[in-house]
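A quick write-up on the structure given underneath.
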Amino acid sequence: MTALPPRQAFPQGFLFGAATSSYQIEGHGFGGAGPTHWDTFAATPGNVKGAETGARACDHYHRWAEDLDLVAAAGFDSYRFSTSWARVLPEGRGAVNPEGLDFYDRLVDGLLERGLKPALTLYHWELPAALADLGGWRNRDVAQWFGDFTRIIAQRLGDRLWSVAPINEPWCVGWLSHFLGLHAPGLRDIRATARAMHHLCLAHGTAIGVLRAEGVGNLGAVCNFEHALPAEDSPECHLATRRYDAIFNRFFIEAMFQGRYPEEVLEGFSPHLPKGWEQDFPTITAPLDWFGINYYTAKRIGPAAGPWPGTAELPGPLPKTALGWEICPEGLSHLLIRLQRDYTGATPLYITENGMAAEDRLRDGHCLDADRIAYLAAHLQACRAAIAAGVPLAGYYAWSLLDNYEWAEGYSGRFGLVHVDFESLQRTPKASYHAIKKALER
Ligand code: FCB
């Protein structure tokens with residue numbers, strides 16, 4: 001069986017962590033949290049497998065201490081988690097739910113007591129329904145609403161956080177949710193997408209400004225990337241791949257680091273962006289202390305008939321995970337080297353998510369997820385290759401600590417290092433958890 005490269009194979013001080021997000025694990029039915037657009041999206045037939053919601057999820061809301069014990073016992077240095085906007089502000093604005101804020105306060109203290117660095121993401125997708133009613137990410141005011149939420153979190157937790165990123169994977173919040181319609185709010189509209197994507201950038205920059213003003217440090221961003229490859233060596237495939245890559249991989253990082261949007265995206269977005277969008281770049285380019293990369297897979301791209309962007313995702317030859325995602329660790333080294341060269345320079349990089357879905361089952365109380373161990377080993381080796389090539393990669397977070405609510409896949413896409421029985425809610429560390437624990441020994 002493949003072994004994971006040990007901690008000693010990485011530079012001194014390289015950080016290892018596990019990642020989760022609020023709606024996917026907490027149980028949004030508890031503690032006075034307000035309704036979110038994920039609840040309503042899931043309540044609409046056909047959007048989520050089995051119409052499952054995050055109402056109970058892993059019940060982390062009540063079991064957080066046991067879960068943090070698992071993080072600490074594995075030998076991780078840090079824990080990446082998120083705050084639910086609707087738990088803290090049930091209406092998205094206005095009155096705070098004190099129970100919600102207290103929950104995150106205890107969680108942060110619980111992390112520090114266990115010697116874990118709290119790595120916070122402010123928004124990991126559960127927009128309060130009351131704000132969705134006002135147009136959600138399509139409404140420019142969302143940047144201000146998000147700034148206000150950010151200030152509340154900063155004032156309560158800011159003195160104890162190790163790092164903060166405003167928005168998890170803006171591509172998913174923008175394109176996947178407003179153009180492809182596969183995540184909440186489930187729109188398929190180019191104008192909604194252009195505006196949402198611009199407002200995401202503006203909200204990101206606004207939040208960074210608020211955090212700096214509140215004296216919170218070590219601020220970054222977390223974006224997702226795919227290794228985009230032409231399905232065939234034809235001019236049409238190359239053109240489609242360039243466009244796909246601009247939308248997926250370049251839009252947000254180019255906005256944040258270079259203060260512009262890629263030409264290939266403006267081809268489609270220009271008529272739809274909100275008036276005066278160019279004037280927002282001074283806010284959007286607020287300097288960052290680090291940049292986070294979520295990486296899972298490669299994509300084979302070809303042309304498609306129809307209006308812009310005219311791209312199609314085609315099947316590739318490599319082995320796939322349980323969700324059909326191609327396993328391509330070399331893609332990670334490629335991306336790291338490319339992003340550092342073209343955008344981030346000397347800014348420290350972190351892998352803020354990486355992992356795989358598998359059909360994990362318990363047998364006699366054990367879960368032997370050898371495929372996940374091989375996946376993690378190959379991707380950690382890809383990190384080492386990038387470091388050897390000079391990339392200032394400073395840490396790696398595995399997605400995810402627990403099996404959880406995998407969005408439109410419901411509870412079927414199991415990504416955890418720890419198996420969760422969604423009936424009894426019992427946690428059972430998988431073989432991958434034990435392998436990481438061994439690799440992290442000092
Ligand atoms: C990422 C999300 C995370 C999880 C993984 C599998 O896109 O950030 O919440 O769903 O994919």
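Ligands are numbered from 1 in the order shown, residues from 1 within each chain, and chains are lettered A, B, ... in the order they appear in the structure tokens.
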How would you write, as a PyMOL selection string, the set of residues no farther than 10 Å from ligand 1 when counting only C-alpha atoms and all ligand atoms? chain A and resi 19-24+124-125+167-173+222-225+294-296+323+352-357+399-400+404-409+413-416
List the neighbours of Gln381 (chain A) out to 9 Å using only C-alpha atoms; skip same-chain residues closer than 6 positions along the sequence, and give me the result as an MDAnalysis selection string. chainID A and resid 4:5 329 333
Which of region 28-270 of chain A DSSP labels strand (DSSP E or B), written as a PyMOL selection string: chain A and resi 36+78-82+117-123+128+163-168+219-230
Keeping only N, CA, C and O atoms, write the selected residues as a compact mmCIF listing (two decimals), in the first residue's frame.
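Wrote out11.txt, looks like this:
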```txt
# COMPACT_ATOMS: atom_id res chain seq x y z
N THR A 36 -31.59 29.39 4.84
CA THR A 36 -30.60 29.78 3.84
C THR A 36 -31.09 29.37 2.46
O THR A 36 -32.02 28.57 2.34
N SER A 78 -3.65 22.65 12.21
CA SER A 78 -4.63 23.70 11.98
C SER A 78 -5.95 23.07 11.56
O SER A 78 -6.00 21.93 11.09
N TYR A 79 -7.02 23.84 11.73
CA TYR A 79 -8.36 23.38 11.34
C TYR A 79 -9.02 24.51 10.57
O TYR A 79 -9.12 25.63 11.06
N ARG A 80 -9.45 24.20 9.35
CA ARG A 80 -10.14 25.19 8.51
C ARG A 80 -11.64 24.96 8.63
O ARG A 80 -12.11 23.86 8.37
N PHE A 81 -12.37 25.99 9.02
CA PHE A 81 -13.82 25.88 9.22
C PHE A 81 -14.46 27.17 8.73
O PHE A 81 -13.76 28.11 8.35
N SER A 82 -15.79 27.20 8.73
CA SER A 82 -16.44 28.45 8.30
C SER A 82 -17.54 28.84 9.26
O SER A 82 -18.06 28.02 10.02
N LYS A 117 -4.47 25.77 15.16
CA LYS A 117 -4.59 27.13 14.60
C LYS A 117 -5.94 27.27 13.89
O LYS A 117 -6.20 26.55 12.92
N PRO A 118 -6.79 28.21 14.34
CA PRO A 118 -8.10 28.39 13.71
C PRO A 118 -7.99 29.14 12.37
O PRO A 118 -7.60 30.30 12.35
N ALA A 119 -8.33 28.45 11.28
CA ALA A 119 -8.29 29.05 9.94
C ALA A 119 -9.74 29.24 9.48
O ALA A 119 -10.41 28.28 9.12
N LEU A 120 -10.19 30.48 9.53
CA LEU A 120 -11.61 30.76 9.28
C LEU A 120 -11.89 31.16 7.84
O LEU A 120 -11.17 31.97 7.25
N THR A 121 -12.96 30.60 7.29
CA THR A 121 -13.55 31.12 6.06
C THR A 121 -14.88 31.75 6.46
O THR A 121 -15.69 31.11 7.13
N LEU A 122 -15.10 33.00 6.07
CA LEU A 122 -16.31 33.68 6.51
C LEU A 122 -17.56 33.17 5.80
O LEU A 122 -18.63 33.10 6.39
N TYR A 123 -17.43 32.84 4.53
CA TYR A 123 -18.62 32.44 3.75
C TYR A 123 -18.33 31.18 2.97
O TYR A 123 -17.49 31.16 2.06
N PRO A 128 -28.03 33.66 3.71
CA PRO A 128 -29.32 33.79 4.39
C PRO A 128 -30.45 33.99 3.36
O PRO A 128 -30.31 34.79 2.43
N SER A 163 -5.95 32.66 10.77
CA SER A 163 -6.06 33.21 9.42
C SER A 163 -7.53 33.40 9.08
O SER A 163 -8.39 32.76 9.66
N VAL A 164 -7.77 34.28 8.11
CA VAL A 164 -9.14 34.49 7.63
C VAL A 164 -9.14 34.61 6.11
O VAL A 164 -8.28 35.28 5.54
N ALA A 165 -10.12 33.95 5.48
CA ALA A 165 -10.41 34.16 4.06
C ALA A 165 -11.88 34.53 3.95
O ALA A 165 -12.71 33.91 4.62
N PRO A 166 -12.23 35.52 3.13
CA PRO A 166 -13.64 35.91 3.05
C PRO A 166 -14.55 34.84 2.43
O PRO A 166 -15.52 34.42 3.05
N ILE A 167 -14.26 34.39 1.21
CA ILE A 167 -15.25 33.60 0.46
C ILE A 167 -14.63 32.33 -0.08
O ILE A 167 -13.61 32.38 -0.78
N ASN A 168 -15.24 31.19 0.22
CA ASN A 168 -14.75 29.94 -0.33
C ASN A 168 -15.17 29.78 -1.79
O ASN A 168 -16.36 29.85 -2.11
N LEU A 219 -4.52 37.50 6.31
CA LEU A 219 -5.73 37.44 5.47
C LEU A 219 -5.40 36.88 4.09
O LEU A 219 -4.37 37.23 3.51
N GLY A 220 -6.30 36.05 3.59
CA GLY A 220 -6.08 35.46 2.26
C GLY A 220 -7.36 35.31 1.48
O GLY A 220 -8.38 35.93 1.77
N ALA A 221 -7.27 34.48 0.44
CA ALA A 221 -8.44 34.15 -0.38
C ALA A 221 -8.36 32.66 -0.69
O ALA A 221 -7.26 32.10 -0.70
N VAL A 222 -9.51 32.05 -0.93
CA VAL A 222 -9.54 30.62 -1.28
C VAL A 222 -10.31 30.44 -2.58
O VAL A 222 -11.52 30.69 -2.64
N CYS A 223 -9.61 30.04 -3.63
CA CYS A 223 -10.25 29.81 -4.93
C CYS A 223 -10.03 28.36 -5.36
O CYS A 223 -9.09 27.72 -4.92
N ASN A 224 -10.94 27.87 -6.21
CA ASN A 224 -10.76 26.50 -6.73
C ASN A 224 -10.21 26.54 -8.15
O ASN A 224 -10.52 27.45 -8.92
N PHE A 225 -9.41 25.54 -8.45
CA PHE A 225 -8.75 25.45 -9.76
C PHE A 225 -8.87 24.02 -10.28
O PHE A 225 -8.87 23.07 -9.50
N GLU A 226 -8.95 23.92 -11.60
CA GLU A 226 -8.91 22.62 -12.26
C GLU A 226 -7.81 22.66 -13.30
O GLU A 226 -7.58 23.71 -13.92
N HIS A 227 -7.18 21.52 -13.53
CA HIS A 227 -6.18 21.46 -14.58
C HIS A 227 -6.95 21.28 -15.90
O HIS A 227 -7.46 20.19 -16.18
N ALA A 228 -7.07 22.36 -16.67
CA ALA A 228 -7.89 22.32 -17.89
C ALA A 228 -7.04 21.93 -19.09
O ALA A 228 -6.05 22.59 -19.40
N LEU A 229 -7.43 20.86 -19.77
CA LEU A 229 -6.65 20.34 -20.89
C LEU A 229 -7.53 20.22 -22.12
O LEU A 229 -8.71 19.84 -22.01
N PRO A 230 -6.97 20.52 -23.31
CA PRO A 230 -7.77 20.32 -24.52
C PRO A 230 -8.04 18.83 -24.73
O PRO A 230 -7.14 18.01 -24.58
```
Selection: 10 Å around region 365-368 of chain A, only C-alpha atoms, excl. self and same-chain fewer than 5 positions, as a list in words: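 Listing them by chain and then by number gives Asp360, Ile373, Leu417, Val418, His419, Thr428, Pro429, Lys430, Ala431, Ser432 and Tyr433 of chain A.
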Just the number, please: distance in Å from CA of Leu332 (chain A) to CA of Gly17 (chain A), one decimal.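 It comes out at 17.8 Å.
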Report as a ChimeraX atom specification: the residues of region 99-170 of chain A with a DSSP assignment of alpha helix (DSSP H), based on the backbone of this structure. /A:99-113,129-132,142-157,170
Taking only C-alpha atoms into account, name the residue in A:Asp109, A:Asp102, A:Asp289, A:Glu359 that is nearest to Gly217 (chain A). A:Asp289
In terms of the shortest atom-to-atom distance over only C-alpha atoms, which of A:Glu232, A:Ala143, A:Glu326, A:Phe149 is closest to Gly94 (chain A)?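 The closest residue to Gly94 (chain A) is A:Phe149.
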Go ahead and compute the interatomic distance for CA of Gln426 (chain A) and CA of Ala86 (chain A), in Å to one decimal.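 Answer for the CA of Gln426 (chain A) to CA of Ala86 (chain A) separation: 26.6 Å.
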Between CA of Val142 (chain A) and CA of Ala196 (chain A), distance in Å (one decimal):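 CA of Val142 (chain A) sits 9.5 Å away from CA of Ala196 (chain A).
Closest to Pro274 (chain A) among A:Arg138, A:Leu318, A:Gly292, A:Asn249 is A:Arg138, based on only C-alpha atoms.
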Pick out the closest residue to Leu70 (chain A) from this set: A:Lys437, A:Gln258, A:Ser234, A:Leu211. Count only C-alpha atoms.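 Using only C-alpha atoms, Leu70 (chain A) sits closest to A:Lys437.
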If you count only C-alpha atoms, which residues fall within 9 Å of Arg7 (chain A), apart from same-chain ones fewer than 6 positions away, as a list of chain:residue names?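 The residues satisfying every condition are A:Phe14, A:Leu15, A:Phe16, A:Ala439, A:Leu440, A:Glu441, A:Arg442.
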Create the file for the chosen residues now, containing C-alpha atoms and written as a compact mmCIF listing (two decimals), in the first residue's frame.
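Once everything was written out, this is again.txt:
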```txt
# COMPACT_ATOMS: atom_id res chain seq x y z
CA PHE A 14 4.93 23.38 6.77
CA LEU A 15 1.38 23.28 8.12
CA PHE A 16 -1.02 20.36 7.94
CA ALA A 439 2.73 10.64 8.66
CA LEU A 440 2.34 13.63 10.98
CA GLU A 441 4.20 12.09 13.93
CA ARG A 442 7.09 14.20 15.10
```
